[in-house]
Each structure stands twice: as structure tokens, then as C-alpha cells.
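A.B. asks: Before anything else, here's the structure in question.
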Amino acid sequence: MTRLFDLLYNQLEQNPLQKAISARDASGQWQSYSTQELVDSAEKAASGLVKLGLQAGDKVALVAYKNRPEWLIMDYAIQMAGLISIPMYPTISSGEYEYILNEAEVKVAFCGGLDLFDKLSAAQINLPELSHIYTFDKSPGRPFWEDIFDTTLLKEVERIKNTITGDNLVTIIYTSGTTGHPKGVMLKHSNVMHVVVATSEVVNLNPGEKVLSFLPMCHIYERAVSFVYCYKAASVYHCGTDNLSGPEGDLASVKPVIFTTVPRLLEKIYEAIYNKGLSLEGSKRKLFFWALKLTDNFEIGQKRSLLANIKWSVADKLIFSKWRAALGGNIRMIVTGAAPCPLKILRVFCAAGINIKEAYGLTETSPTLTGNTMEPNGTLLGTVGYAVNGVELFIDKSSGNYKEDEGEILAFGPNVMVGYYKKPEINARVFKEIDGKKWFCTGDIGKMVIGPGGREFLKITDRKKELLKTSGGKYVAPAPIENRIKEDFLIEQMMVIGDKQKFVSALVVPAEEALKNWCLHKKIAWTTLNEMIQNKKVLAKYQKVLDSYNPEFNHIEQIKKFRLISSPWLPVHEDNSEAELTPTLKLKRRVIREKFKAEIAEMYT
């Protein structure tokens with residue numbers, strides 16, 4: 001197998017499924033495609049694309065609000081027709097759509113959900129290359145995606161497939177743009193296929209087992225995972241994040257063995273668990289927090305005394321088993337990536353028998369570079385795992401002022417991108433030749449640490465572009481500070497400030513439910529979050545929280561002042577104002593600094 005669509009045919013030949021891909025219909029019932037139906041639909045769609053007059057190398061855009069079988073079918077169809085897919089986030093503005101569609105010279109677009117057809121139509125006015133827009137949702141007067149299905153050119157599709165190799169460009173994925181205009185990452189079939197095969201080797205998944213897919217497939221993280229699921233012949237259930245939990249939710253309905261997520265969703269699950277514990281009374285409350293306290297010093301593979309084993313057994317039966325049941329009861333592994341996961345979150349879930357495995361990669365590396373695994377000696381908490389097969393890592397200390405053993409992470413391997421589309425000047429900056437090898441500069445800072453079995457594990461310490469430099473010339477890495485302090489149940493979001501300033505400060509978004517519970521416990525009358533962040537007792541509590549963490553950092557890294565913010569930072573706003581988070585929930589630091597410049601200025605007055 002050298003082309004990504006080979007994975008679909010491999011499933012058909014080796015492990016055909018009656019329920020290869022499923023999603024809920026308008027009535028809320030699960031509807032499924034068999035492997036054969038996926039192949040047939042993809043081939044008909046590919047034939048239709050050729051009939052539209054598209055030529056090899058032409059670009060086709062895909063965008064949908066939720067993961068759905070139609071998106072995946074069109075992805076395979078675009079590949080089979082020798083075309084290049086341009087996946088896009090559903091939450092970006094019409095202006096951003098126009099920028100991407102124009103630069104990529106997209107000729108046809110497929111969309112699904114809410115206002116996407118209108119957004120693309122608005123952008124189309126200034127896009128002479130964009131000739132067709134189809135929708136995945138039947139609506140009067142709008143071209144429906146199945147309208148292109150055709151069987152007259154299947155032989156031509158077969159001929160085209162035979163001309164495609166692993167070196168063909170398969171997709172251009174535009175990054176989420178934390179530092180300006182998004183950049184188009186060019187990936188070949190072989191780039192992504194290497195990650196699929198390498199990660200499949202360590203994914204404990206059997207044919208027909210159920211998995212849940214809710215992270216957006218427009219991001220290479222979930223898209224590559226979807227190809228892994230296809231390779232392993234898993235039964236995939238597409239859904240959104242709005243109906244995951246509860247007795248009627250998708251976790252309870254599907255009972256998956258694996259799913260992928262981002263740390264923010266894990267933090268929300270933990271917050272919900274913690275708040276439920278706060279609402280308990282008497283012995284139940286004491287038992288809950290006793291069990292939670294046990295997780296503080298948990299390590300993978302730790303040895304325990306007989307007494308400790310009895311304690312853990314009691315905690316598991318009375319507390320942790322309920323957490324696993326809330327996730328469907330069958331979870332074998334949850335993979336988290338796209339942003340750093342707080343160590344406390346990893347400890348709590350792993351201690352409760354919910355195996356969270358943190359991985360690391362970038363869109364530019366298809367994406368996976370490293371991962372913790374279920375193998376013996378395969379996990380070291382607090383790291384992003386060890387390099388996947390075929391990938392080499394190098395810690396470059398020459399490009400900055402770093403702490404001991406730290407440096408910029410460089411990557412070399414068959415999964416590294418071709419380059420950025422139409423950006424030769426940026427390509428020249430992100431690749432670095434060392435000892436005859438062309439290394440990709442990730443922009444992340446990290447170090448290698450020796451873990452179980454003598455393996456080298458990668459620890460990310462910060463983003464190169466996010467380093468702060470105080471007016472005293474001292475460098476401060478904000479991410480480790482933010483991730484550590486966000487472990488407190490009262491803190492929802494946080495951003496460290498201090499570039500070109502005398503000291504470090506922070507903007508803090510309180511966890512509203514947790515703060516309500518604390519106020520109730522302290523007999524403080526709750527009004528609104530906007531008013532509560534000015535309450536002297538509330539401010540004193542947050543000062544106490546920050547004071548409790550400050551000793552863990554050196555003097556220059558300690559938070560000297562803070563301001564509470566009443567509105568949560570989001571990846572999209574209903575009023576179309578600029579979002580504070582990227583679609584993958586990373587902080588847009590430039591945007592946050594601009595939005596809260598008055599609060600920041602006040603801290604330094």
C-alpha cells in the first residue's frame with residue numbers, strides 16, 4: 001500500500017465490515033455504511049469529479065461542521081481522481097475562506113452544516129476559479145453532493161488510479177494561523193501513509209471494534225487517525241462534541257474502545273468530575289476526595305504494598321469504576337495531542353484505569369513524531385512519548401538561549417512535508433541542513449529524557465515563538481507555568497504576560513461552576529461572574545491559588561499580578577469577532593493581548 005485510498009481497498013479485501021462508518025441521522029438514529037458501500041460511493045464520486053472536467057492536480061475543498069461519512073467518502077474520491085484536497089475549518093470567516101480558496105485555486109467545494117454553503121457562496125463572488133459548490137445536506141435550490149455520482153467514467157478513474165504513486169501530492173492543509181495568514185502544508189500520500197503504518201503497529205485495535213471520531217477531520221491529527229482506523233478495520237462512529245456524555249450520549253451509545261481528543265476536553269471532563277465531588281455530602285464526599293488524593297503520586301507501573309493495593313481496590317470499586325462507566329465502560333486507550341496535557345490530568349485518568357496516551361506532532365509532519373504507547377515501558381507521564389519508527393529527532397541548541405539540555409526540536413523522516421504552498425521564503429527558514437540531512441524546524445522547544453527500559457522520551461517545554469523576554473533580559477517559557485496552574489479546579493483558562501515588562505503577570509479565566517461551588521461553600525452570595533471577579537474574597541482566593549504555585553517556579557517566572565476575565569476564550573464567536581483560540585484550541589496570544597490590553601496595562605501601571 002502506497003496510496004491512502006489503498007487502505008479502503010485493503011479493508012474490503014481483508015476485513016470488510018457491515019458498519020464501517022456510522023453517524024446519526026436527522027432523527028438521532030445511527031445510520032451505517034458498509035465497506036463495500038464506502039468503496040462504491042467513493043468510486044462514483046470520483047467518476048463524477050472527472051466528468052466535471054477536473055484534471056489531475058486540481059484542488060477540491062472540503063468543509064463540514066461535524067465529522068460525517070460524506071466527508072470521508074469525498075476525501076477518498078478526490079484521491080482516486082488524482083486531485084488534491086483542501087480541508088478547511090468550519091469556524092473560520094468568509095474572508096479566511098476567500099484567502100485559502102484563492103491561494104489554492106480551488107475549483108470545486110463540498111460543505112455540510114448550518115451556514116457553510118452561504119459562507120462559501122459569499123466568498124465565491126471574488127473567486128473566478130471556484131465553479132461549483134455542493135452541499136452534504138439536501139436543500140431546495142442547492143446542488144447536492146450525490147448529484148455528481150456517475151458510473152460512466154469508472155474505467156477512466158481506474159486508469160487515473162494506476163498513474164498515482166506515493167510521491168503524488170494528496171492534500172494541502174492550511175494551518176490555523178496563530179501568527180498571521182494560514183500557510184498551506186503540502187503532504188504526499190507517502191508522508192501520511194508512513195504515519196498510518198508506523199502508528200498502527202502500536203495501536204491495540206482489533207477488526208470490528210468500535211471507535212469514536214469527533215475531532216475535526218480537517219485537521220491532519222484526526223484525519224490520519226481515521227486512516228489508521230480504516231487500516232485496522234475498526235467500526236468508526238462519527239459525531240460532534242455536543243452529545244458525548246450522559247446516559248443518552250454517544251459514549252454510552254457506542255461504548256468505544258479508543259478515541260482521540262485534545263487536552264481541553266479532558267480538562268472539562270475532569271472539572272465535571274471534580275464539581276460532582278464538591279456537590280456530594282458527608283461520607284460520600286470524603287470518600288470521593290480520599291480516592292482523588294490517591295492519584296497525586298501515581299506513576300505508570302509503580303509497585304505498591306499490600307495495604308496500598310487494598311486502598312486502591314476500594315477506590316476503584318467505589319469511585320474510579322464509575323468514571324470508566326461514564327466513558328462507555330470499554331475504553332482501552334485515549335490519545336491526546338494538539339496541545340500540552342497537564343500532568344495532573346494524565347495522572348488522575350491513568351490512575352483511574354483510563355489510559356491517556358499523549359502524542360506529539362505537527363501538520364507539517366503528517367502529524368505524528370512521537371507517542372506514548374500501551375507497550376511495556378511505552379509510557380512516561382509528563383512526556384509526549386518516544387519517536388515513531390522511521391522518525392529522527394534532534395535537539396538544536398544553536399538557535400537560541402535555552403536552558404541546559406533544551407533546544408529547538410528538529411525532525412527528519414519520510415513523514416515531513418514537501419513544504420508550504422507558494423511560500424519559498426518561509427520554506428527556506430523552516431528547513432535546516434545538518435550533516436547532509438534536511439531537518440524540519442518545529443518551532444517547539446524540548447529535551448530528551450531517559451524513561452522506562454532506557455528509552456529516550458521527548459519532553460516539550462515551550463514554543464520558540466512564545467518565549468517571553470522580560471525587560472531585564474530574562475527568558476520565560478509561559479506554557480509550563482500555564483499548564484501547571486491550570487490544574488487547579490478554579491482556573492478554566494490562563495495566559496502568562498510579561499514580554500518586555502519588569503515582571504510576569506497573568507490573565508485568568510475562572511472555572512465558573514467550580515467558583516460557584518466554592519462561593520456556596522464559603523456562604524458568599526453568587527450574582528454574576530462579571531461581578532464575582534471583582535469580589536474581594538474571590539480575588540483573595542485566586543491570589544492564594546497563585547501563591548501556592550509560585551514557589552514551584554524561579555523568581556523571574558512567578559506570577560506577580562493577575563486579572564480575572566469573565567468571558568471564556570473561544571475558537572469562534574457568534575458575532576464573528578476574532579476568536580481567542582485556534583480551531584485546535586491553542587491560545588492566539590496576539591489576539592488576547594490586543595483584546596485585553598487595558599487589563600494588561602493596568603497591571604503594569
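Letters for chains follow the order of the C-alpha cells (A, B, ...), residue numbers begin at 1 for each chain, and ligand numbers begin at 1 in the order shown.
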Output as JSON, numbers by chain all residues of segment 336-384 of chain A that backbone DSSP marks as strand (DSSP E or B).
C.D. replies: {"A": [336, 356, 357, 358, 359, 360, 361, 368, 369, 370, 371]}
A.B. asks: Could you save the residues just selected, with C-alpha atoms, as an mmCIF file, in the first residue's frame?
C.D. replies:
data_model
loop_
_atom_site.group_PDB
_atom_site.id
_atom_site.type_symbol
_atom_site.label_atom_id
_atom_site.label_comp_id
_atom_site.auth_asym_id
_atom_site.auth_seq_id
_atom_site.Cartn_x
_atom_site.Cartn_y
_atom_site.Cartn_z
ATOM 1 C CA THR A 336 -4.446 13.238 23.323
ATOM 2 C CA ILE A 356 -4.446 8.540 28.413
ATOM 3 C CA LYS A 357 -1.554 8.470 25.946
ATOM 4 C CA GLU A 358 -0.050 11.801 24.982
ATOM 5 C CA ALA A 359 1.417 12.142 21.499
ATOM 6 C CA TYR A 360 3.129 14.935 19.579
ATOM 7 C CA GLY A 361 3.340 16.120 16.025
ATOM 8 C CA THR A 368 2.918 12.128 14.417
ATOM 9 C CA LEU A 369 6.527 12.399 15.558
ATOM 10 C CA THR A 370 6.274 10.775 18.997
ATOM 11 C CA GLY A 371 3.778 8.990 21.192
#
A.B. asks: Do a neighbour search on Glu209 of chain A at 12 Å with only C-alpha atoms, toss out local chain neighbours closer than 4 positions, and write the hits as a short mmCIF file (atom, residue, chain, number, x, y, z; two decimals) with C-alpha atoms, in the first residue's frame.
C.D. replies:
data_model
loop_
_atom_site.label_atom_id
_atom_site.label_comp_id
_atom_site.auth_asym_id
_atom_site.auth_seq_id
_atom_site.Cartn_x
_atom_site.Cartn_y
_atom_site.Cartn_z
CA ASN A 15 -11.82 -7.34 6.81
CA LEU A 17 -17.41 -4.52 7.68
CA LYS A 19 -20.75 -1.00 9.81
CA ALA A 20 -17.51 0.56 8.62
CA ILE A 21 -18.64 4.17 9.19
CA ASN A 204 -4.10 -2.19 20.17
CA LEU A 205 -7.20 -2.42 17.98
CA TYR A 229 -8.97 3.03 11.83
CA CYS A 230 -9.53 2.04 8.21
CA LYS A 232 -7.16 -1.74 11.38
CA ALA A 233 -10.77 -2.29 10.18
CA ALA A 234 -12.33 -0.56 13.18
CA SER A 235 -16.01 0.35 13.16
CA VAL A 236 -15.98 4.16 13.26
CA TYR A 237 -18.78 6.30 14.70
CA VAL A 254 -21.22 3.40 21.16
CA LYS A 255 -19.10 2.20 24.11
CA PRO A 256 -15.85 2.77 22.17
CA VAL A 257 -12.52 1.13 22.94
CA ILE A 258 -10.48 4.08 21.64
CA PHE A 259 -10.94 7.72 20.78
CA ASN A 330 -14.94 -0.24 27.33
CA ILE A 331 -12.23 2.40 26.97
CA ARG A 332 -8.82 0.84 26.39
#
A.B. asks: Considering only C-alpha atoms, state which residue in the set A:Val418, A:Ala540, A:Met495, A:Leu244 is at the smallest distance from His189 of chain A.
C.D. replies: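 Among the listed residues, A:Val418 lies closest to His189 of chain A.
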A.B. asks: Looking at A:Thr241, A:Thr165, A:Asn372, A:Asn206, which one is nearest to Thr261 of chain A, with distances taken over only C-alpha atoms?
C.D. replies: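 For Thr261 of chain A, the nearest of the given residues is A:Thr241.
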A.B. asks: Applying 10 Å and only C-alpha atoms, which residues near Trp312 of chain A remain after dropping the ones on its own chain fewer than 5 positions away? List them as a ChimeraX atom specification.
C.D. replies: /A:291,294-295,304,306-307,317-318,320,351-352
A.B. asks: Near Ile220 of chain A, counting only C-alpha atoms, which residues have an atom at most 7 Å away, once you skip same-chain residues fewer than 6 positions from it, shown as a ChimeraX atom specification?
C.D. replies: /A:363,366-367
A.B. asks: For Lys344 of chain A, which residue among A:Ala308, A:Leu546, A:Ile409, A:Leu292 is the nearest when counting only C-alpha atoms?
C.D. replies: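 Closest to Lys344 of chain A of all the choices is A:Leu292.
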A.B. asks: What gap, in Å, lies between atom CA of Lys286 of chain A and atom CA of Lys537 of chain A?
C.D. replies: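 About the pair atom CA of Lys286 of chain A and atom CA of Lys537 of chain A: they are 25.4 Å apart.
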